[in-house]
Amino acid sequence: MDERATIAAISTPPGRGGVAVVRVSGPDAFDVASALAGRRVDSSCAGRFFHAVLRHGGRTLDDGLVLVFKGPASYTGEDVVEFQVHGGAAAPRRVLDACLACGARLARRGEFTERAFLNGRMDISAAEAVIDLIDAKTDRAAEDAVARLGGAEGRVDAGLYELALDISNRLEHALDFSEDELPSGYVEEIGRGIGQLEDGVSNALKRLHEGKILRDGALVVLAGPPNAGKSSLLNALLGERRAIVSDVAGTTRDSIEEWLDVEGWPVRLVDTAGLRSTADAIEAEGVSRAEELVARADIVVALDIDVPRALRVHSKCDLSRGEGLNVSAKTGEGLDALKSEIAARLAARAADADEAPAGVAARRGECFTAVKSALSRARESLPDIVLAANCIREVAESLGLLTGKVYSEDLLDSLFSRFCVGK
Ligand SMILES: Nc1nc2c(ncn2[C@@H]2O[C@H](COP(=O)(O)OP(=O)(O)OP(=O)(O)O)[C@@H](O)[C@H]2O)c(=O)[nH]1
Ligand SMILES: [Mg+2]
């Protein structure tokens, strides 16, 4: 694509609002701004903003603020101008059209951030963190994204690489000596270093799996026989009357899904049709969908029914007590305990998940998984310095590649296509 083109887009979401932002980036950004603002915009305006009546083709478009950023000290690393105009549909559209008429072209999804990445303004995990922050549905998800935005992942990787290099150097040093020439405790210390590195890698892996849940949300499915109180429990957890509740068995047919913040974890909570065999074709379809959801769920909340590995709940505990966590949608008893248990299970799931994460994280996930097994081989081969040194060399190489910045086109395309236009 034309990397040198000047691009423009409306960066704020459509709809009514006080202010909208039209962003322009590229070599002609200052010329576009000069044309619209009717005054010379150049490097001397860098880092400043001014008020202007924006005009084009003899028409007054709006009046607003013009913010000027001189590359490379801008979001994209190029010359950037942002017009803060009135919100709503018309004003930003008119200003954008004028920018396009002045020679800018419409930005693709995520193209501003893609340029920031290509110009070295942020690393790939920070670029991914931008989209994760925009998509974040809970505080925990936002905090995770903000930390990565600040380059936390890059620092973790660099730290692990340093540690691996240090251990590798010590092993290489030990290779020059016979076993009894080495100072006492030398090999033990290397063993401790390997243990430390293993902990670091396990933690990084855990954070990756947490990140996946924070990004995609966890699928939590309410399942059980008809009339168990699934829909009532969904409503009670959401704090609203979302699903129809009645004492007729087989009320819920279609599954009903809502987002819920469970102690910071974004959860897709799904209410399903009561599980039973039925002659009603529509209800039978509901039951088969419920079964599919149970199979796919990260956590099944099983009301008065046995499902392997599920979180067993006894509903309507205001009427009678039973096996599992006692909850009542009517009195609210046990709801907080249920949320805590869901949160605890999600944390545990992140800690021992073994499937590789997707997207940009996949590269780190694969690296850490390989490094983890090489590290345990290294630990087991001690005190054999030659074997251990081989394994650690492998570890240092993998971590080195990870901190180096080599990415495939496909990976970049799939990342930036997740963005909205204007970011
Ligand atoms: N006393 C009491 N009644 C409840 C409670 N939860 C649900 N019920 C009643 O139990 C009946 C069934 O509730 P639903 O929430 O519709 O049950 P369901 O599991 O969704 O049923 P289906 O959609 O038919 O599978 C209704 O009459 C509710 O008022 C509770 O915590 N306490
Ligand atoms: Mg129901």
# chains A, B, ... in the order shown; residues from 1 in each chain; ligands from 1

$ closest_atom_pairs --of "chain A" --to "ligand 2" --cutoff "7 Å" --atoms "only C-alpha atoms and all ligand atoms" --output "CSV"
residue,atom,partner,partner_atom_place_in_ligand_line,distance
A:Asn227,CA,ligand 2,1 (Mg),6.8
A:Gly229,CA,ligand 2,1 (Mg),6.6
A:Lys230,CA,ligand 2,1 (Mg),5.4
A:Ser231,CA,ligand 2,1 (Mg),4.1
A:Ile244,CA,ligand 2,1 (Mg),6.6
A:Val245,CA,ligand 2,1 (Mg),5.9
A:Gly250,CA,ligand 2,1 (Mg),6.9
A:Thr251,CA,ligand 2,1 (Mg),5.2
A:Thr252,CA,ligand 2,1 (Mg),4.0
A:Asp271,CA,ligand 2,1 (Mg),6.8
A:Thr272,CA,ligand 2,1 (Mg),6.6
A:Ala273,CA,ligand 2,1 (Mg),6.0
A:Gly274,CA,ligand 2,1 (Mg),6.7

$ closest_atom_pairs --of "chain A" --to "ligand 1" --cutoff "10 Å" --atoms "only C-alpha atoms and all ligand atoms" --output "Markdown table"
| residue | atom | partner | partner_atom_place_in_ligand_line | distance |
| --- | --- | --- | --- | --- |
| A:Leu222 | CA | ligand 1 | 19 (O) | 8.7 |
| A:Ala223 | CA | ligand 1 | 19 (O) | 7.9 |
| A:Gly224 | CA | ligand 1 | 19 (O) | 6.6 |
| A:Pro225 | CA | ligand 1 | 25 (O) | 6.0 |
| A:Pro226 | CA | ligand 1 | 25 (O) | 3.3 |
| A:Asn227 | CA | ligand 1 | 21 (O) | 3.4 |
| A:Ala228 | CA | ligand 1 | 19 (O) | 3.9 |
| A:Gly229 | CA | ligand 1 | 17 (O) | 3.3 |
| A:Lys230 | CA | ligand 1 | 19 (O) | 3.8 |
| A:Ser231 | CA | ligand 1 | 20 (O) | 3.7 |
| A:Ser232 | CA | ligand 1 | 15 (O) | 3.6 |
| A:Leu233 | CA | ligand 1 | 15 (O) | 6.5 |
| A:Leu234 | CA | ligand 1 | 15 (O) | 8.0 |
| A:Asn235 | CA | ligand 1 | 15 (O) | 8.3 |
| A:Ala236 | CA | ligand 1 | 6 (N) | 9.0 |
| A:Ala243 | CA | ligand 1 | 20 (O) | 8.0 |
| A:Ile244 | CA | ligand 1 | 16 (O) | 6.5 |
| A:Val245 | CA | ligand 1 | 16 (O) | 3.6 |
| A:Ser246 | CA | ligand 1 | 16 (O) | 4.4 |
| A:Asp247 | CA | ligand 1 | 27 (O) | 3.6 |
| A:Val248 | CA | ligand 1 | 24 (O) | 6.0 |
| A:Ala249 | CA | ligand 1 | 24 (O) | 4.0 |
| A:Gly250 | CA | ligand 1 | 24 (O) | 3.4 |
| A:Thr251 | CA | ligand 1 | 24 (O) | 3.8 |
| A:Thr252 | CA | ligand 1 | 23 (O) | 3.6 |
| A:Arg253 | CA | ligand 1 | 23 (O) | 7.0 |
| A:Asp254 | CA | ligand 1 | 23 (O) | 9.5 |
| A:Ser255 | CA | ligand 1 | 23 (O) | 9.6 |
| A:Asp271 | CA | ligand 1 | 20 (O) | 7.4 |
| A:Thr272 | CA | ligand 1 | 25 (O) | 7.1 |
| A:Ala273 | CA | ligand 1 | 25 (O) | 4.9 |
| A:Gly274 | CA | ligand 1 | 25 (O) | 3.4 |
| A:Leu275 | CA | ligand 1 | 25 (O) | 7.1 |
| A:Arg276 | CA | ligand 1 | 25 (O) | 8.9 |
| A:Glu283 | CA | ligand 1 | 25 (O) | 9.8 |
| A:Gly286 | CA | ligand 1 | 25 (O) | 9.8 |
| A:Val287 | CA | ligand 1 | 25 (O) | 9.3 |
| A:Leu303 | CA | ligand 1 | 19 (O) | 8.2 |
| A:Asp304 | CA | ligand 1 | 19 (O) | 10.0 |
| A:His314 | CA | ligand 1 | 31 (O) | 9.4 |
| A:Ser315 | CA | ligand 1 | 31 (O) | 5.8 |
| A:Lys316 | CA | ligand 1 | 31 (O) | 3.5 |
| A:Cys317 | CA | ligand 1 | 31 (O) | 6.3 |
| A:Asp318 | CA | ligand 1 | 32 (N) | 5.8 |
| A:Leu319 | CA | ligand 1 | 1 (N) | 5.7 |
| A:Ser320 | CA | ligand 1 | 1 (N) | 9.0 |
| A:Asn326 | CA | ligand 1 | 31 (O) | 9.6 |
| A:Val327 | CA | ligand 1 | 31 (O) | 6.8 |
| A:Ser328 | CA | ligand 1 | 31 (O) | 3.6 |
| A:Ala329 | CA | ligand 1 | 31 (O) | 3.7 |
| A:Lys330 | CA | ligand 1 | 31 (O) | 4.2 |
| A:Thr331 | CA | ligand 1 | 31 (O) | 6.6 |
| A:Gly332 | CA | ligand 1 | 31 (O) | 7.6 |
| A:Glu333 | CA | ligand 1 | 31 (O) | 8.5 |

$ closest_residue --among "A:Gly322, A:Leu165, A:Ala129, A:Val41" --to "Ile305 in chain A" --atoms "only C-alpha atoms"
A:Gly322

$ closest_residue --among "A:Val22, A:Ala29, A:Leu149, A:Ala302" --to "Val95 in chain A" --atoms "only C-alpha atoms"
A:Val22

$ residues_around --residues "Ala378 in chain A" --least-positions-apart "4" --cutoff "12 Å" --atoms "only C-alpha atoms" --output "PyMOL selection string"
chain A and resi 164+167-168+171+187+190-195+197-198+371-374+382-395

$ closest_residue --among "A:Leu160, A:Ile10, A:Leu208, A:Val24" --to "Arg94 in chain A" --atoms "only C-alpha atoms"
A:Ile10

$ residues_around --residues "His51 in chain A" --least-positions-apart "5" --cutoff "7 Å" --atoms "only C-alpha atoms" --output "ChimeraX atom specification"
/A:64-66

$ select_by_dssp --residues "range 35-138 of chain A" --states "helix (DSSP H, G or I)" --output "ChimeraX atom specification"
/A:35-37,43-45,90-101,111-118,124-135

$ closest_atom_pairs --of "range 193-260 of chain A" --to "range 343-347 of chain A" --cutoff "12 Å" --atoms "only C-alpha atoms" --output "JSON lines"
{"residue": "A:Lys206", "atom": "CA", "partner": "A:Ala347", "partner_atom": "CA", "distance": 9.1}
{"residue": "A:Arg207", "atom": "CA", "partner": "A:Ala347", "partner_atom": "CA", "distance": 10.0}
{"residue": "A:Leu208", "atom": "CA", "partner": "A:Ala347", "partner_atom": "CA", "distance": 11.9}
{"residue": "A:His209", "atom": "CA", "partner": "A:Ala347", "partner_atom": "CA", "distance": 9.4}
{"residue": "A:Glu210", "atom": "CA", "partner": "A:Ala347", "partner_atom": "CA", "distance": 7.3}
{"residue": "A:Gly211", "atom": "CA", "partner": "A:Ala347", "partner_atom": "CA", "distance": 10.9}
{"residue": "A:Lys212", "atom": "CA", "partner": "A:Leu346", "partner_atom": "CA", "distance": 11.2}
{"residue": "A:Ile213", "atom": "CA", "partner": "A:Leu346", "partner_atom": "CA", "distance": 8.1}
{"residue": "A:Leu214", "atom": "CA", "partner": "A:Leu346", "partner_atom": "CA", "distance": 10.1}
{"residue": "A:Gly217", "atom": "CA", "partner": "A:Leu346", "partner_atom": "CA", "distance": 10.2}
{"residue": "A:Ala218", "atom": "CA", "partner": "A:Leu346", "partner_atom": "CA", "distance": 7.8}
{"residue": "A:Leu219", "atom": "CA", "partner": "A:Leu346", "partner_atom": "CA", "distance": 10.2}
{"residue": "A:Val220", "atom": "CA", "partner": "A:Leu346", "partner_atom": "CA", "distance": 10.1}
{"residue": "A:Leu260", "atom": "CA", "partner": "A:Ala343", "partner_atom": "CA", "distance": 11.7}

$ decode --residues "range 166-206 of chain A" --atoms "N, CA and C atoms" --output "PDB file, in the first residue's frame"
ATOM      1  N   ASP A 166      22.341 -14.565  31.451  1.00  0.00           N
ATOM      2  CA  ASP A 166      23.180 -14.652  32.633  1.00  0.00           C
ATOM      3  C   ASP A 166      23.470 -16.116  32.999  1.00  0.00           C
ATOM      4  N   ILE A 167      22.420 -16.938  33.004  1.00  0.00           N
ATOM      5  CA  ILE A 167      22.604 -18.360  33.327  1.00  0.00           C
ATOM      6  C   ILE A 167      23.472 -19.023  32.263  1.00  0.00           C
ATOM      7  N   SER A 168      23.198 -18.674  31.014  1.00  0.00           N
ATOM      8  CA  SER A 168      23.963 -19.242  29.915  1.00  0.00           C
ATOM      9  C   SER A 168      25.455 -18.901  30.055  1.00  0.00           C
ATOM     10  N   ASN A 169      25.751 -17.647  30.385  1.00  0.00           N
ATOM     11  CA  ASN A 169      27.143 -17.239  30.570  1.00  0.00           C
ATOM     12  C   ASN A 169      27.821 -18.015  31.685  1.00  0.00           C
ATOM     13  N   ARG A 170      27.066 -18.204  32.767  1.00  0.00           N
ATOM     14  CA  ARG A 170      27.654 -18.941  33.890  1.00  0.00           C
ATOM     15  C   ARG A 170      27.946 -20.390  33.514  1.00  0.00           C
ATOM     16  N   LEU A 171      27.034 -20.982  32.715  1.00  0.00           N
ATOM     17  CA  LEU A 171      27.253 -22.364  32.273  1.00  0.00           C
ATOM     18  C   LEU A 171      28.455 -22.439  31.329  1.00  0.00           C
ATOM     19  N   GLU A 172      28.536 -21.476  30.404  1.00  0.00           N
ATOM     20  CA  GLU A 172      29.679 -21.473  29.479  1.00  0.00           C
ATOM     21  C   GLU A 172      30.980 -21.354  30.268  1.00  0.00           C
ATOM     22  N   HIS A 173      30.966 -20.509  31.284  1.00  0.00           N
ATOM     23  CA  HIS A 173      32.130 -20.324  32.143  1.00  0.00           C
ATOM     24  C   HIS A 173      32.500 -21.651  32.814  1.00  0.00           C
ATOM     25  N   ALA A 174      31.473 -22.337  33.307  1.00  0.00           N
ATOM     26  CA  ALA A 174      31.712 -23.609  34.010  1.00  0.00           C
ATOM     27  C   ALA A 174      32.290 -24.666  33.073  1.00  0.00           C
ATOM     28  N   LEU A 175      31.967 -24.559  31.772  1.00  0.00           N
ATOM     29  CA  LEU A 175      32.465 -25.544  30.806  1.00  0.00           C
ATOM     30  C   LEU A 175      33.988 -25.533  30.728  1.00  0.00           C
ATOM     31  N   ASP A 176      34.592 -24.396  31.074  1.00  0.00           N
ATOM     32  CA  ASP A 176      36.048 -24.278  31.000  1.00  0.00           C
ATOM     33  C   ASP A 176      36.754 -24.954  32.167  1.00  0.00           C
ATOM     34  N   PHE A 177      36.013 -25.430  33.129  1.00  0.00           N
ATOM     35  CA  PHE A 177      36.635 -26.033  34.319  1.00  0.00           C
ATOM     36  C   PHE A 177      36.170 -27.467  34.499  1.00  0.00           C
ATOM     37  N   SER A 178      36.968 -28.252  35.212  1.00  0.00           N
ATOM     38  CA  SER A 178      36.488 -29.576  35.599  1.00  0.00           C
ATOM     39  C   SER A 178      35.646 -29.396  36.857  1.00  0.00           C
ATOM     40  N   GLU A 179      34.845 -30.420  37.156  1.00  0.00           N
ATOM     41  CA  GLU A 179      33.854 -30.285  38.221  1.00  0.00           C
ATOM     42  C   GLU A 179      34.469 -29.854  39.547  1.00  0.00           C
ATOM     43  N   ASP A 180      35.651 -30.441  39.902  1.00  0.00           N
ATOM     44  CA  ASP A 180      36.213 -30.128  41.221  1.00  0.00           C
ATOM     45  C   ASP A 180      36.977 -28.805  41.248  1.00  0.00           C
ATOM     46  N   GLU A 181      37.151 -28.195  40.068  1.00  0.00           N
ATOM     47  CA  GLU A 181      37.797 -26.884  40.040  1.00  0.00           C
ATOM     48  C   GLU A 181      36.803 -25.755  40.320  1.00  0.00           C
ATOM     49  N   LEU A 182      35.486 -26.051  40.153  1.00  0.00           N
ATOM     50  CA  LEU A 182      34.463 -25.010  40.320  1.00  0.00           C
ATOM     51  C   LEU A 182      34.293 -24.660  41.787  1.00  0.00           C
ATOM     52  N   PRO A 183      34.048 -23.373  42.108  1.00  0.00           N
ATOM     53  CA  PRO A 183      33.811 -22.994  43.490  1.00  0.00           C
ATOM     54  C   PRO A 183      32.596 -23.745  44.042  1.00  0.00           C
ATOM     55  N   SER A 184      32.601 -24.012  45.324  1.00  0.00           N
ATOM     56  CA  SER A 184      31.497 -24.803  45.882  1.00  0.00           C
ATOM     57  C   SER A 184      30.199 -24.001  45.778  1.00  0.00           C
ATOM     58  N   GLY A 185      29.126 -24.686  45.490  1.00  0.00           N
ATOM     59  CA  GLY A 185      27.822 -24.021  45.366  1.00  0.00           C
ATOM     60  C   GLY A 185      27.578 -23.413  43.994  1.00  0.00           C
ATOM     61  N   TYR A 186      28.567 -23.503  43.092  1.00  0.00           N
ATOM     62  CA  TYR A 186      28.432 -22.866  41.777  1.00  0.00           C
ATOM     63  C   TYR A 186      27.269 -23.465  40.991  1.00  0.00           C
ATOM     64  N   VAL A 187      27.239 -24.813  40.944  1.00  0.00           N
ATOM     65  CA  VAL A 187      26.189 -25.487  40.180  1.00  0.00           C
ATOM     66  C   VAL A 187      24.816 -25.285  40.824  1.00  0.00           C
ATOM     67  N   GLU A 188      24.798 -25.314  42.178  1.00  0.00           N
ATOM     68  CA  GLU A 188      23.528 -25.105  42.885  1.00  0.00           C
ATOM     69  C   GLU A 188      22.945 -23.737  42.547  1.00  0.00           C
ATOM     70  N   GLU A 189      23.843 -22.775  42.445  1.00  0.00           N
ATOM     71  CA  GLU A 189      23.370 -21.416  42.145  1.00  0.00           C
ATOM     72  C   GLU A 189      22.768 -21.340  40.742  1.00  0.00           C
ATOM     73  N   ILE A 190      23.390 -22.056  39.820  1.00  0.00           N
ATOM     74  CA  ILE A 190      22.822 -22.116  38.469  1.00  0.00           C
ATOM     75  C   ILE A 190      21.438 -22.756  38.523  1.00  0.00           C
ATOM     76  N   GLY A 191      21.317 -23.811  39.326  1.00  0.00           N
ATOM     77  CA  GLY A 191      20.023 -24.486  39.492  1.00  0.00           C
ATOM     78  C   GLY A 191      18.969 -23.514  40.000  1.00  0.00           C
ATOM     79  N   ARG A 192      19.365 -22.671  40.966  1.00  0.00           N
ATOM     80  CA  ARG A 192      18.421 -21.680  41.492  1.00  0.00           C
ATOM     81  C   ARG A 192      18.021 -20.671  40.420  1.00  0.00           C
ATOM     82  N   GLY A 193      18.995 -20.267  39.620  1.00  0.00           N
ATOM     83  CA  GLY A 193      18.714 -19.339  38.517  1.00  0.00           C
ATOM     84  C   GLY A 193      17.705 -19.925  37.538  1.00  0.00           C
ATOM     85  N   ILE A 194      17.896 -21.217  37.240  1.00  0.00           N
ATOM     86  CA  ILE A 194      16.962 -21.876  36.315  1.00  0.00           C
ATOM     87  C   ILE A 194      15.557 -21.900  36.914  1.00  0.00           C
ATOM     88  N   GLY A 195      15.486 -22.195  38.219  1.00  0.00           N
ATOM     89  CA  GLY A 195      14.188 -22.210  38.906  1.00  0.00           C
ATOM     90  C   GLY A 195      13.512 -20.849  38.824  1.00  0.00           C
ATOM     91  N   GLN A 196      14.315 -19.808  39.014  1.00  0.00           N
ATOM     92  CA  GLN A 196      13.789 -18.441  38.960  1.00  0.00           C
ATOM     93  C   GLN A 196      13.236 -18.126  37.562  1.00  0.00           C
ATOM     94  N   LEU A 197      13.993 -18.549  36.561  1.00  0.00           N
ATOM     95  CA  LEU A 197      13.566 -18.311  35.177  1.00  0.00           C
ATOM     96  C   LEU A 197      12.276 -19.090  34.878  1.00  0.00           C
ATOM     97  N   GLU A 198      12.205 -20.322  35.399  1.00  0.00           N
ATOM     98  CA  GLU A 198      10.986 -21.120  35.205  1.00  0.00           C
ATOM     99  C   GLU A 198       9.775 -20.417  35.804  1.00  0.00           C
ATOM    100  N   ASP A 199       9.947 -19.854  37.009  1.00  0.00           N
ATOM    101  CA  ASP A 199       8.847 -19.127  37.646  1.00  0.00           C
ATOM    102  C   ASP A 199       8.423 -17.942  36.797  1.00  0.00           C
ATOM    103  N   GLY A 200       9.432 -17.221  36.301  1.00  0.00           N
ATOM    104  CA  GLY A 200       9.144 -16.042  35.481  1.00  0.00           C
ATOM    105  C   GLY A 200       8.358 -16.399  34.228  1.00  0.00           C
ATOM    106  N   VAL A 201       8.770 -17.496  33.578  1.00  0.00           N
ATOM    107  CA  VAL A 201       8.097 -17.919  32.350  1.00  0.00           C
ATOM    108  C   VAL A 201       6.675 -18.399  32.655  1.00  0.00           C
ATOM    109  N   SER A 202       6.512 -19.145  33.767  1.00  0.00           N
ATOM    110  CA  SER A 202       5.168 -19.603  34.143  1.00  0.00           C
ATOM    111  C   SER A 202       4.245 -18.421  34.394  1.00  0.00           C
ATOM    112  N   ASN A 203       4.763 -17.406  35.090  1.00  0.00           N
ATOM    113  CA  ASN A 203       3.965 -16.211  35.357  1.00  0.00           C
ATOM    114  C   ASN A 203       3.555 -15.511  34.076  1.00  0.00           C
ATOM    115  N   ALA A 204       4.513 -15.400  33.155  1.00  0.00           N
ATOM    116  CA  ALA A 204       4.226 -14.715  31.893  1.00  0.00           C
ATOM    117  C   ALA A 204       3.150 -15.484  31.117  1.00  0.00           C
ATOM    118  N   LEU A 205       3.236 -16.818  31.152  1.00  0.00           N
ATOM    119  CA  LEU A 205       2.230 -17.650  30.484  1.00  0.00           C
ATOM    120  C   LEU A 205       0.861 -17.453  31.119  1.00  0.00           C
ATOM    121  N   LYS A 206       0.868 -17.407  32.452  1.00  0.00           N
ATOM    122  CA  LYS A 206      -0.388 -17.219  33.174  1.00  0.00           C
ATOM    123  C   LYS A 206      -1.030 -15.885  32.780  1.00  0.00           C
TER     124      LYS A 206
END
